[in-house]
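Please read the structure below before turning to the comments.
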Number of protein chains: 2
Amino acid sequence: MAESAGGRRLLRVVILGGGFAGLTAARTLRSVPVEVTLVDRTNHHIFQPLLYQVATAMLAPTDITAPIRWILRKQRNTRVVMAEVHSVDIVRRIVLLDGDVEVPYDFLIVATGSRHAYFGHDEWEADAPGLKSITDALNMRQRFLMAFEEAEKCEDAAARAAWQTFVVIGGGPTGVELAGMLPEIARGALRSDFRRIDTRQTRVILLEGGPGILVSFPQELSLRAARDLAELGVEVRTNALVTRVEQDAVFIGDDRIATRTVFWAAGNVSSPLGSWLDAPLDRAGRVEVEPDLSVPNHPEVFVVGDMAAVVQDGKLVPGVAPAANQEGRTAAKNIARTIEGKPRRNFRYVNKGNLATIGRSRAIAEFGSVHFAGRLAWVMWLGVHIMYLVGFRNRLSVLLQWGYAYFTYQRGARLIVEAKTDNQSPSTG
Amino acid sequence: MAESAGGRRLLRVVILGGGFAGLTAARTLRSVPVEVTLVDRTNHHIFQPLLYQVATAMLAPTDITAPIRWILRKQRNTRVVMAEVHSVDIVRRIVLLDGDVEVPYDFLIVATGSRHAYFGHDEWEADAPGLKSITDALNMRQRFLMAFEEAEKCEDAAARAAWQTFVVIGGGPTGVELAGMLPEIARGALRSDFRRIDTRQTRVILLEGGPGILVSFPQELSLRAARDLAELGVEVRTNALVTRVEQDAVFIGDDRIATRTVFWAAGNVSSPLGSWLDAPLDRAGRVEVEPDLSVPNHPEVFVVGDMAAVVQDGKLVPGVAPAANQEGRTAAKNIARTIEGKPRRNFRYVNKGNLATIGRSRAIAEFGSVHFAGRLAWVMWLGVHIMYLVGFRNRLSVLLQWGYAYFTYQRGARLIVEAKTDNQSPSTG
């Protein structure tokens, strides 16, 4: 047990999850006199906003990940443990890791994120994988590339058409970004590679259950995005609620779409850790936290990131990277203030703006009352994402891949490797 | 069925395997009036000489691979099929793919390579994986990085020491290159990342059953390589024949080495396809081919690359990339000459020189009677490998990773993703 200069035992802060929220919390505690332990089930932090580019063979997994140890290597008061969290004993204030390792805490920050949800149809996951972890992304990439391989081998026209039809379920940012990339790859990168199939005949269908896509944006931008997708060759269907997913088809009521490749970007459910915190949960399993982000009746436990249900001005704070970072910072600062005997501050989400890209050279941007779209928004999107990437090497490498793809219309990461799909507990990466 | 200008049916050449030998054969047939079908079980060509750098977290899989379709995209007379070869019917001249797809041929080029062999101890593979495919490399990387994670969690000193001990079995180029890289990573890249373990205490042991390492090189270079490895901190043991491999130990007779991580680079066995060619096989399962690289009594079937046992001047032609390329070219040219009614030419291996690198800034080089070692050899090694990499993007990306690692002592690809290990038939990648 480490000792502070004064000889008092240092208070122990345990952080669960090395995503945006958990990592920012750890970094904020750098110079606070506490002992920090960050637990993650993987060894790497993922830059989630670009995960879909790994799934679409644009980037390599290593381009958007960085070892958590490496990120925190200079932070001497912080220890990183790669392990699966078994449970949290909120009464004894102990985190139990797999292998019966007990990690006691004085303060706990839970940031284990969310996982894609199938609205009570978990059996759909096998045919409609989601996108949360690197393994998910490699699995998607494999299915996407294999579909063309199967189509090329296929003798039957109808079966071939099904292999060349891709359905993306969910009109949020992930679904739109996935769908927007597929036509370009099919018509550009793959076109000259196949002899039997015409990759230009590839169909990409985006299904959204609600009335519009990217509804978190102002309506004119959401409509613009739908128009852009249509121009790229994506069939956008709104008010299209999926009722069944099978190996070779997706159903919207009686409407059957023959497809062999379905990607799920429709719903999230929070990490099950919430259920151990004896805290009120909302429908998606998020923890309804206090204004200071702590758990009701447990001022020593904080929940941040996708796991936290933070209501501000009557609206839920969105599950985006900037919000996760801001929440992680606030939780860490409130721990520091508590130690210093100062009153805690309430969390306030500052929306610095929203960007979403729709395939090559297109994006939409919202900065307060300023809304715009097109190439300028796209360039801003590129800049912001490069800027926030962790690690100089990653920035350079991503720039290289993007430049290569932009000028050659090729894809640098068209590698099919069978990755073990993790149907395990929610990724804390 | 395609027709040549003359209206004759085009002869069909089927190539099995998209490694160096198969790919070179396909490229050599570019302007020959034949229908070429290249079959590989993966979608990518692997630059084998750098595979160990994927295993040691230096490079990403996509840096050393390129889609075979993409490499051959401009070669209109060539079709690529991604499929597993089920069998070859040498009498009916048909290749049977999984899924009962029949591919008839007039000429067949078999280049399905080799797989690591355990000298009748296949049960060792689970604890001592080898290195042939990208999946193998990712599996090795995962074990290598996880060993440090486990050591960091480990309470027991002896167990921790076993996690920090790495054993490489086999003193050929792959074994030497693997062993040479490990100390640098342990002492450099990982040193500041761990709090409990001292990564400088990492032990790397290279075991060679014979009297020396890199025996394909002249003795003074082989001795120099051993000295270089020792200076890097690798314990080199020659005449050390492994008698048993277990989950937590390697045995040389009664001598027990406690280790949790063992890598196998000791032996190869040829792809089992040879057994379908009713041809004479040597001890390693290689096909003993005619001087023109065809199979005895089957002038329409050629075997090239690691699968072929080619004896020249009483010595076996080595299983290296240049030899594979030369054999693939000769087989393809002999098919062209046969079609043109010209006599076939016998294969003659031209040794353009040998290079092997031993960790950072060290290598040995042999060009005929010119032998040298050290930094110059290392720079030549770098240049040659960049030069022969397929694809501009890969060259640029590898340069970036190498430059980054050289100047920062960091590793860009320290990503642990569970890759499904393929204990399937030999990789034809």
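In the structure tokens, each chain is lettered A, B, ... as it comes, each chain's residues begin at 1, and ligands are numbered from 1 in order of appearance.
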
Find the spatial neighbours of Leu182 of chain A, counting only C-alpha atoms, within a cut-off of 12 Å - ignore same-chain residues fewer than 2 positions away - and output them as an NGL selection string. :A and (52-53 or 55-58 or 140-141 or 144-145 or 148 or 164-168 or 175-180 or 184-190 or 199-200 or 202-206 or 229 or 232-235 or 261 or 263 or 358-360 or 411)

Give me, as an MDAnalysis selection string, all polymer residues having an atom no more than 10 Å from Ser31 of chain B, counting only C-alpha atoms and skipping those fewer than 5 positions away in the same chain. chainID B and resid 75:77 336

What would the file look like if the residues just selected were written as a short mmCIF file (atom, residue, chain, number, x, y, z; two decimals), in the first residue's frame with N, CA, C and O atoms?
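As a result, selection.cif now contains:
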```cif
data_model
loop_
_atom_site.label_atom_id
_atom_site.label_comp_id
_atom_site.auth_asym_id
_atom_site.auth_seq_id
_atom_site.Cartn_x
_atom_site.Cartn_y
_atom_site.Cartn_z
N GLN B 75 -4.95 -8.31 -64.97
CA GLN B 75 -4.60 -9.47 -65.79
C GLN B 75 -5.88 -10.16 -66.24
O GLN B 75 -6.40 -11.04 -65.56
N ARG B 76 -6.39 -9.77 -67.41
CA ARG B 76 -7.74 -10.16 -67.80
C ARG B 76 -7.89 -11.67 -68.03
O ARG B 76 -9.00 -12.20 -67.99
N ASN B 77 -6.81 -12.38 -68.32
CA ASN B 77 -6.95 -13.82 -68.60
C ASN B 77 -6.93 -14.64 -67.31
O ASN B 77 -6.85 -15.87 -67.35
N ALA B 336 4.08 -22.29 -71.36
CA ALA B 336 4.02 -21.48 -72.58
C ALA B 336 4.79 -22.14 -73.72
O ALA B 336 4.30 -22.26 -74.84
#
```

Which residues come within 9 Å of Arg93 of chain A, counting only C-alpha atoms, excluding same-chain residues fewer than 3 positions away, as a PyMOL selection string? chain A and resi 88-90+103-108

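Separating atom CA of Gly130 of chain A from atom CA of Val250 of chain A is a distance of 15.3 Å.
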
Record the distance separating atom CA of Ala240 of chain A and atom CA of Leu207 of chain A, expressed in Å with one decimal. 5.8 Å
